[in-house]
Amino acid sequence: MMNQEEASWRLERDTTLSQARSIVFKVGSAVITNEQGLDETRLQALAAQIISVWRALPSRKLVLVTSGAVACGKAILAKFNKDYTIAGLSAKQAVAAIGQAQLMHAWDRVFQPYTQPTAQVLLTREDLHARTHFLNIRNTFAELLDMHILPIVNENDTVSVKELTFGDNDSLASLLVNLVDAELCVNLTSAQGVFACDPKKDPHAKILTHIEDVANLNLTEMCGSKTHVGTGGMYSKLRAARRCAQLGVPTLILSGREPELISQAFTPGSTLGTWICKQKSPIPRRKYWLAYQDDPQGSLTIDAGAAEALLHGGSSLLPQGIRELTGDFAKGALVKIVSADNELGVGLSNYSAKELLEIIGLKRIEVAAKLGNAHYPCVIHRDNMVLHAVV
């Protein structure tokens, strides 16, 4: 007989898989590529199963996030005997540009037998940074999904200003969950699920059927190295799942290499893969965007009293509780909130780093004397703060 916890996650899984109206699928490089480049047979199998999931509930809206552009580009260079050393960001971006066209064409081709149109969408973190850009992109996705088009999304590697990781496209998938109001994220990987410990250290490590509280996992201990063709690994997948869980969205981590496994996983009662349960008290979608639309530009170290007030008192962060700051950030920047070497969360600073240096540790009346009446009563307002952010 099942205990209450097992009955709870099984019900959540079966209900979500059968009723989710919007799903983000993410496919890793290791799933769809081999030494020769793209594995067309596997792409065909994935397309058939994704269509099967769609047809089970035709009103569903699906988004596919795909990696593989760099791996495709390398294979094309090898095919044409181009002996080229791929070193540095610009070289990787060039290889991604070579491979992206083939990657998109291959996906479009495998969905054609199902008369399913696709649309290519290339994004960078900067595209989602400004709220107006975020809303414009959101509207574009809404139009595509209303037209019953399948958006196929990849990071725009060619123009990305940072190393080719959006968080390894796993992070991109977690941001799209918010963008399209998804109710489920399915992360297809080369593993059968999440192992209880690093299988490279323990060959007898077992697959976890579910993870009730992903926020409490020690990801560093659990996860092994990255796959050789991708930039991710299980660490980035669980990190993305933690973000989705905060939003109240569960994640299914599943092998994308085995035939019919997706279809089988969507069968009621299945325990294939690893089910990552959603957080019971999700954060608002605006706060989710706030926490993950950009990388923190600095950090504020606060004292124990301030930490207690934030974590248990529902307070905003006041200058009096700040002991130290790092970084040279502008007013309105996203910054980390740290206490005793523990990262408590992130928030938008009402002050620049230069201004804060003048007022940290001061009481409100002292701040007024220093800056005059035209100052903010708090450094980070509670409404612009996300505790336990996964950064």
# chains A, B, ... in the order shown; residues from 1 in each chain; ligands from 1
>>> closest_atom_pairs(of="range 41-92 of chain A", to="range 180-185 of chain A", cutoff="10 Å", atoms="only C-alpha atoms", output="tab-separated table")
residue	atom	partner	partner_atom	distance
A:Lys61	CA	A:Ala182	CA	8.5
A:Leu62	CA	A:Ala182	CA	8.6
A:Val63	CA	A:Val180	CA	8.6
>>> write_last_selection(atoms="C-alpha atoms", output="short mmCIF file (atom, residue, chain, number, x, y, z; two decimals), in the first residue's frame")
data_model
loop_
_atom_site.label_atom_id
_atom_site.label_comp_id
_atom_site.auth_asym_id
_atom_site.auth_seq_id
_atom_site.Cartn_x
_atom_site.Cartn_y
_atom_site.Cartn_z
CA LYS A 61 0.48 24.07 -26.71
CA LEU A 62 4.01 22.71 -27.07
CA VAL A 63 7.42 24.36 -27.24
#
>>> select_by_dssp(residues="range 183-221 of chain A", states="helix (DSSP H, G or I)", output="PyMOL selection string")
chain A and resi 214-216+219-221
>>> write_last_selection(atoms="C-alpha atoms", output="short mmCIF file (atom, residue, chain, number, x, y, z; two decimals), in the first residue's frame")
data_model
loop_
_atom_site.label_atom_id
_atom_site.label_comp_id
_atom_site.auth_asym_id
_atom_site.auth_seq_id
_atom_site.Cartn_x
_atom_site.Cartn_y
_atom_site.Cartn_z
CA VAL A 214 14.52 19.53 -5.12
CA ALA A 215 15.56 22.69 -3.25
CA ASN A 216 17.13 20.59 -0.48
CA LEU A 219 23.57 19.06 -6.47
CA THR A 220 27.36 19.08 -6.33
CA GLU A 221 27.48 15.74 -4.52
#
>>> select_by_dssp(residues="range 263-367 of chain A", states="strand (DSSP E)", output="ChimeraX atom specification")
/A:274-276,299-302,322-326,334-339,342-348
>>> write_last_selection(atoms="C-alpha atoms", output="PDB file, in the first residue's frame")
ATOM      1  CA  THR A 274      12.456  11.066 -12.498  1.00  0.00           C
ATOM      2  CA  TRP A 275       9.550  13.273 -11.507  1.00  0.00           C
ATOM      3  CA  ILE A 276      10.579  16.574  -9.868  1.00  0.00           C
ATOM      4  CA  SER A 299      26.249  41.243  -3.766  1.00  0.00           C
ATOM      5  CA  LEU A 300      25.148  42.656  -0.410  1.00  0.00           C
ATOM      6  CA  THR A 301      26.312  40.949   2.767  1.00  0.00           C
ATOM      7  CA  ILE A 302      23.837  41.447   5.604  1.00  0.00           C
ATOM      8  CA  ILE A 322      24.000  45.753   5.299  1.00  0.00           C
ATOM      9  CA  ARG A 323      27.592  45.138   6.320  1.00  0.00           C
ATOM     10  CA  GLU A 324      29.445  44.891   3.015  1.00  0.00           C
ATOM     11  CA  LEU A 325      28.931  45.130  -0.736  1.00  0.00           C
ATOM     12  CA  THR A 326      30.795  43.899  -3.790  1.00  0.00           C
ATOM     13  CA  LEU A 334      19.930  42.696  -9.761  1.00  0.00           C
ATOM     14  CA  VAL A 335      22.166  41.832  -6.782  1.00  0.00           C
ATOM     15  CA  LYS A 336      22.687  38.841  -4.514  1.00  0.00           C
ATOM     16  CA  ILE A 337      21.756  38.962  -0.834  1.00  0.00           C
ATOM     17  CA  VAL A 338      24.283  37.062   1.290  1.00  0.00           C
ATOM     18  CA  SER A 339      24.498  36.274   5.004  1.00  0.00           C
ATOM     19  CA  ASN A 342      24.892  31.724   2.549  1.00  0.00           C
ATOM     20  CA  GLU A 343      23.104  33.101  -0.512  1.00  0.00           C
ATOM     21  CA  LEU A 344      19.636  34.094   0.679  1.00  0.00           C
ATOM     22  CA  GLY A 345      18.269  35.376  -2.608  1.00  0.00           C
ATOM     23  CA  VAL A 346      18.352  38.216  -5.112  1.00  0.00           C
ATOM     24  CA  GLY A 347      16.650  41.574  -5.544  1.00  0.00           C
ATOM     25  CA  LEU A 348      16.625  44.865  -7.415  1.00  0.00           C
TER      26      LEU A 348
END
>>> atom_distance(atom1="CA of Pro117 in chain A", atom2="CA of His105 in chain A")
11.8 Å
>>> residues_around(residues="Thr66 in chain A", least_positions_apart="5", cutoff="7 Å", atoms="only C-alpha atoms", output="list of chain:residue names")
A:Lys26, A:Val27, A:Gly28, A:Ile152, A:Val153, A:Asn154
>>> closest_residue(among="A:Ala142, A:Ile137, A:Leu38, A:Ala304", to="Leu122 in chain A", atoms="only C-alpha atoms")
A:Ile137
